[in-house]
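Structure file start-v5.cif (mmCIF, C-alpha atoms) is printed below.
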```cif
data_target
#
loop_
_atom_site.label_atom_id
_atom_site.label_comp_id
_atom_site.auth_asym_id
_atom_site.auth_seq_id
_atom_site.Cartn_x
_atom_site.Cartn_y
_atom_site.Cartn_z
CA MET A 1 23.65 33.34 46.92
CA THR A 2 24.61 29.89 48.09
CA ARG A 3 26.74 27.58 46.01
CA ALA A 4 23.88 24.99 45.80
CA ARG A 5 21.41 27.61 44.61
CA SER A 6 23.89 28.84 41.99
CA ALA A 7 24.41 25.27 40.76
CA ARG A 8 20.61 24.74 40.48
CA ARG A 9 20.25 27.94 38.46
CA ALA A 10 23.09 26.94 36.14
CA TRP A 11 21.50 23.49 35.70
CA ALA A 12 18.08 25.08 34.99
CA ALA A 13 19.67 27.43 32.45
CA ARG A 14 21.31 24.47 30.66
CA LEU A 15 17.98 22.62 30.68
CA VAL A 16 16.17 25.62 29.16
CA THR A 17 18.92 25.98 26.53
CA ALA A 18 18.67 22.29 25.64
CA ALA A 19 14.88 22.49 25.43
CA LEU A 20 15.08 25.50 23.11
CA ALA A 21 17.67 23.78 20.94
CA PHE A 22 15.39 20.73 20.68
CA ALA A 23 12.37 22.92 19.86
CA VAL A 24 14.33 24.50 17.01
CA ALA A 25 15.90 21.27 15.73
CA ALA A 26 12.89 18.93 16.01
CA PRO A 27 10.81 20.48 13.18
CA ALA A 28 13.83 20.44 10.86
CA PHE A 29 14.53 16.80 11.74
CA ALA A 30 10.87 15.86 11.28
CA GLN A 31 10.78 17.63 7.93
CA GLY A 32 13.92 15.78 6.84
CA ALA A 33 12.44 12.45 7.98
CA ALA A 34 9.16 13.23 6.21
CA SER A 35 10.99 14.06 2.98
CA ARG A 36 12.61 10.59 3.05
CA ARG A 37 9.22 8.85 3.05
CA PRO A 38 8.13 7.53 -0.33
CA PRO A 39 5.89 9.97 -2.20
CA ARG A 40 2.22 9.08 -2.31
CA PRO A 41 -0.56 10.10 -4.68
CA THR A 42 -2.70 13.09 -3.79
CA VAL A 43 -6.39 12.28 -3.93
CA THR A 44 -9.07 14.79 -2.99
CA LEU A 45 -11.98 13.48 -0.94
CA PRO A 46 -15.05 13.96 -3.17
CA GLU A 47 -18.25 15.72 -2.20
CA GLY A 48 -21.73 14.21 -2.12
CA PRO A 49 -22.90 10.69 -1.30
CA VAL A 50 -19.63 9.02 -2.32
CA ARG A 51 -17.81 11.04 0.34
CA GLN A 52 -19.98 9.55 3.09
CA ILE A 53 -19.52 6.04 1.69
CA ILE A 54 -15.73 6.40 1.66
CA LEU A 55 -15.67 7.77 5.20
CA LYS A 56 -18.04 5.08 6.48
CA SER A 57 -16.80 2.00 4.63
CA CYS A 58 -13.21 2.61 3.51
CA ALA A 59 -11.29 5.25 5.44
CA GLY A 60 -11.21 3.25 8.67
CA CYS A 61 -8.56 0.96 7.13
CA HIS A 62 -6.68 2.99 4.52
CA GLY A 63 -6.29 6.50 3.20
CA ILE A 64 -7.96 7.56 -0.02
CA ASP A 65 -4.56 8.20 -1.55
CA GLU A 66 -4.42 4.42 -1.97
CA TYR A 67 -6.86 4.69 -4.92
CA GLY A 68 -4.27 6.66 -6.90
CA TYR A 69 -2.11 3.55 -7.31
CA TYR A 70 -4.73 1.95 -9.59
CA ALA A 71 -6.14 2.42 -13.09
CA MET A 72 -8.87 -0.20 -13.46
CA GLY A 73 -12.20 -0.87 -15.11
CA ARG A 74 -15.44 -1.38 -13.21
CA ASP A 75 -15.10 -5.16 -12.93
CA ALA A 76 -11.58 -4.94 -11.50
CA TRP A 77 -12.64 -2.25 -9.00
CA ARG A 78 -15.64 -4.41 -8.03
CA ALA A 79 -13.34 -7.41 -7.49
CA LEU A 80 -11.06 -5.30 -5.29
CA ILE A 81 -14.02 -4.10 -3.20
CA GLU A 82 -15.18 -7.71 -2.82
CA ARG A 83 -11.68 -8.67 -1.61
CA MET A 84 -11.78 -5.82 0.91
CA LYS A 85 -15.01 -7.29 2.33
CA THR A 86 -13.18 -10.49 3.26
CA THR A 87 -9.72 -9.12 4.08
CA PRO A 88 -9.26 -8.21 7.75
CA SER A 89 -7.21 -5.06 8.28
CA GLY A 90 -6.34 -5.53 11.91
CA LEU A 91 -8.93 -2.87 12.70
CA VAL A 92 -12.04 -4.50 11.29
CA PRO A 93 -12.82 -7.99 9.99
CA GLY A 94 -13.48 -6.58 6.50
CA ALA A 95 -15.17 -3.70 4.70
CA VAL A 96 -18.91 -3.33 5.22
CA ILE A 97 -20.61 -1.74 2.22
CA SER A 98 -24.08 -2.25 0.77
CA ASP A 99 -24.69 -3.13 -2.88
CA ALA A 100 -26.23 0.32 -3.50
CA ASP A 101 -23.24 2.07 -1.92
CA THR A 102 -20.89 -0.13 -3.91
CA GLU A 103 -22.44 1.10 -7.16
CA ILE A 104 -22.07 4.75 -6.12
CA LEU A 105 -18.46 4.15 -5.12
CA LEU A 106 -17.75 2.30 -8.38
CA ASP A 107 -19.12 5.21 -10.45
CA TRP A 108 -16.64 7.56 -8.77
CA LEU A 109 -13.68 5.15 -8.84
CA VAL A 110 -14.06 4.43 -12.56
CA ALA A 111 -14.50 8.14 -13.35
CA GLU A 112 -11.37 9.08 -11.39
CA PHE A 113 -9.18 5.97 -11.61
CA GLY A 114 -10.48 4.08 -14.63
CA PRO A 115 -8.47 2.24 -17.26
CA ASP A 116 -7.51 5.49 -19.02
CA ALA A 117 -5.99 6.98 -15.85
CA THR A 118 -2.27 6.81 -15.16
CA PRO A 119 -1.63 4.99 -11.88
CA PHE A 120 0.76 6.65 -9.46
CA GLU A 121 4.01 4.69 -9.44
CA ARG A 122 4.29 2.81 -6.18
CA GLU A 123 7.67 3.12 -4.48
CA TYR A 124 7.88 -0.45 -3.36
CA VAL A 125 9.45 -1.38 -0.04
CA VAL A 126 10.92 -4.86 -0.34
CA ARG A 127 10.19 -7.08 2.62
CA GLU A 128 12.23 -10.05 3.74
CA VAL A 129 10.62 -13.39 3.00
CA THR A 130 10.94 -15.62 6.04
CA GLU A 131 10.59 -19.38 6.05
CA ALA A 132 7.01 -18.94 7.29
CA ASP A 133 6.21 -16.70 4.28
CA ARG A 134 7.52 -19.14 1.69
CA LEU A 135 4.89 -20.50 -0.65
CA SER A 136 4.52 -24.16 -1.46
CA ASP A 137 4.36 -25.11 -5.13
CA ALA A 138 0.60 -25.67 -4.83
CA ASP A 139 -0.04 -22.31 -3.12
CA ALA A 140 2.12 -20.40 -5.60
CA ARG A 141 0.46 -22.07 -8.60
CA ALA A 142 -2.99 -21.32 -7.18
CA LYS A 143 -2.09 -17.61 -6.80
CA LEU A 144 -0.61 -17.47 -10.30
CA ASP A 145 -3.58 -19.29 -11.82
CA ALA A 146 -6.03 -16.87 -10.16
CA ALA A 147 -3.98 -13.81 -11.13
CA CYS A 148 -2.61 -14.65 -14.55
CA LEU A 149 -4.54 -17.38 -16.40
CA ALA A 150 -7.24 -15.02 -17.65
CA CYS A 151 -4.65 -13.35 -19.92
CA HIS A 152 -1.74 -15.80 -20.05
CA ALA A 153 -2.66 -19.39 -20.82
CA PRO A 154 -0.65 -21.51 -20.60
CA LEU A 155 1.55 -19.99 -17.88
CA GLU A 156 4.73 -21.91 -18.68
CA PRO A 157 6.16 -19.35 -21.16
CA ILE A 158 5.67 -16.62 -18.54
CA LEU A 159 7.34 -18.72 -15.84
CA ARG A 160 10.31 -19.37 -18.15
CA ALA A 161 10.71 -15.67 -19.03
CA GLY A 162 13.95 -15.53 -17.02
CA LEU A 163 13.10 -12.31 -15.19
CA ASP A 164 15.24 -11.27 -12.25
CA GLU A 165 13.89 -10.15 -8.88
CA SER A 166 13.58 -6.49 -9.86
CA GLU A 167 11.89 -7.30 -13.19
CA TRP A 168 9.37 -9.60 -11.48
CA ARG A 169 8.63 -6.91 -8.88
CA THR A 170 8.06 -4.27 -11.56
CA THR A 171 5.85 -6.65 -13.55
CA LEU A 172 3.73 -7.79 -10.62
CA THR A 173 3.20 -4.36 -9.05
CA GLY A 174 2.34 -2.97 -12.48
CA LYS A 175 -0.23 -5.72 -13.00
CA ILE A 176 -1.74 -5.11 -9.56
CA ALA A 177 -2.26 -1.46 -10.55
CA THR A 178 -4.36 -2.57 -13.51
CA GLY A 179 -6.52 -5.05 -11.63
CA VAL A 180 -4.68 -8.36 -11.35
CA PRO A 181 -6.11 -10.01 -8.22
CA LEU A 182 -2.97 -10.07 -6.10
CA LEU A 183 -2.42 -8.20 -2.87
CA ILE A 184 0.72 -6.11 -2.56
CA ASP A 185 1.76 -8.26 0.44
CA GLU A 186 1.76 -11.32 -1.80
CA VAL A 187 4.39 -9.96 -4.20
CA ASP A 188 7.59 -10.82 -2.34
CA PRO A 189 6.60 -14.40 -1.38
CA LEU A 190 5.55 -14.99 -4.98
CA ILE A 191 8.82 -13.59 -6.33
CA ASP A 192 10.72 -15.79 -3.88
CA TRP A 193 8.89 -18.82 -5.29
CA LEU A 194 9.37 -17.74 -8.91
CA LEU A 195 13.12 -17.38 -8.40
CA ARG A 196 13.41 -20.67 -6.48
CA SER A 197 11.39 -22.57 -9.07
CA SER A 198 13.49 -21.27 -11.96
CA ASP A 199 16.74 -22.65 -10.49
#
```
Show the structure stored in the file as structure tokens.
Amino acid sequence: MTRARSARRAWAARLVTAALAFAVAAPAFAQGAASRRPPRPTVTLPEGPVRQIILKSCAGCHGIDEYGYYAMGRDAWRALIERMKTTPSGLVPGAVISDADTEILLDWLVAEFGPDATPFEREYVVREVTEADRLSDADARAKLDAACLACHAPLEPILRAGLDESEWRTTLTGKIATGVPLLIDEVDPLIDWLLRSSD
């Protein structure tokens, strides 16, 4: 056997050994990485007409596990569906769902995730607020008025509550779970404004 052929065989053997080591290690690494992801609610896709509505009108943008983060009455679920119709996901310009399908979906949502349900606690991933994300006073007040005035009028005592960043985050994400009309992406810019305005 020539020296070159022997070297090629040795190189091939090392390559096979490395490939086997990777094949053994990759699943363990993937499992470790998966276990570090925040836990999510487990929601079973229902049977019947509501299943088809979810697959047709909802599942193209988000998983059904998303519903488990909420515990809301019919009006709050309806408001969230209406927001989804006008909120582009990057995949579609907004949810497309007929009035009749909305009623079927609402029946199921309220039965499964109504006000008496316990929402799954969202493990919140804090995002950095850049200068472009910062809210003006007018924009922040408009968001707070839309989200809070129905239950808290006037807002000034709430704004002077002296909450820190973590307390505001817990409060706002908890309110979102029960139907306050804020999107989860609006939480950090709003907290940034609340902390700046309390200085």
Polymer residues at most 9 Å from stretch 105-107 of chain A, only C-alpha atoms, same-chain spacing of 6 or more positions, as a PyMOL selection string: chain A and resi 49-51+53-54+74+77-78
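Atom CA of A:Leu172 lies 29.7 Å from atom CA of A:Pro46.
Between atom CA of A:Pro119 and atom CA of A:Tyr70 lies a distance of 4.9 Å.
You will find atom CA of A:Leu183 at 19.3 Å from atom CA of A:Leu159.
Each of A:Glu82, A:Asp164, A:Asp116, A:Asp188 was compared to A:Ala140 using only C-alpha atoms, and A:Asp188 turns out to be the nearest.
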The PyMOL selection byres ((chain A and resi 125-127) around 12) resolved against shown file, as a VMD selection string: chain A and resid 37 to 38 122 to 124 128 to 130 133 165 to 166 169 to 170 173 184 to 192
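Using only C-alpha atoms, the nearest neighbour of A:Ser98 within the list A:His152, A:Lys56, A:Arg160, A:Arg83 is A:Lys56.
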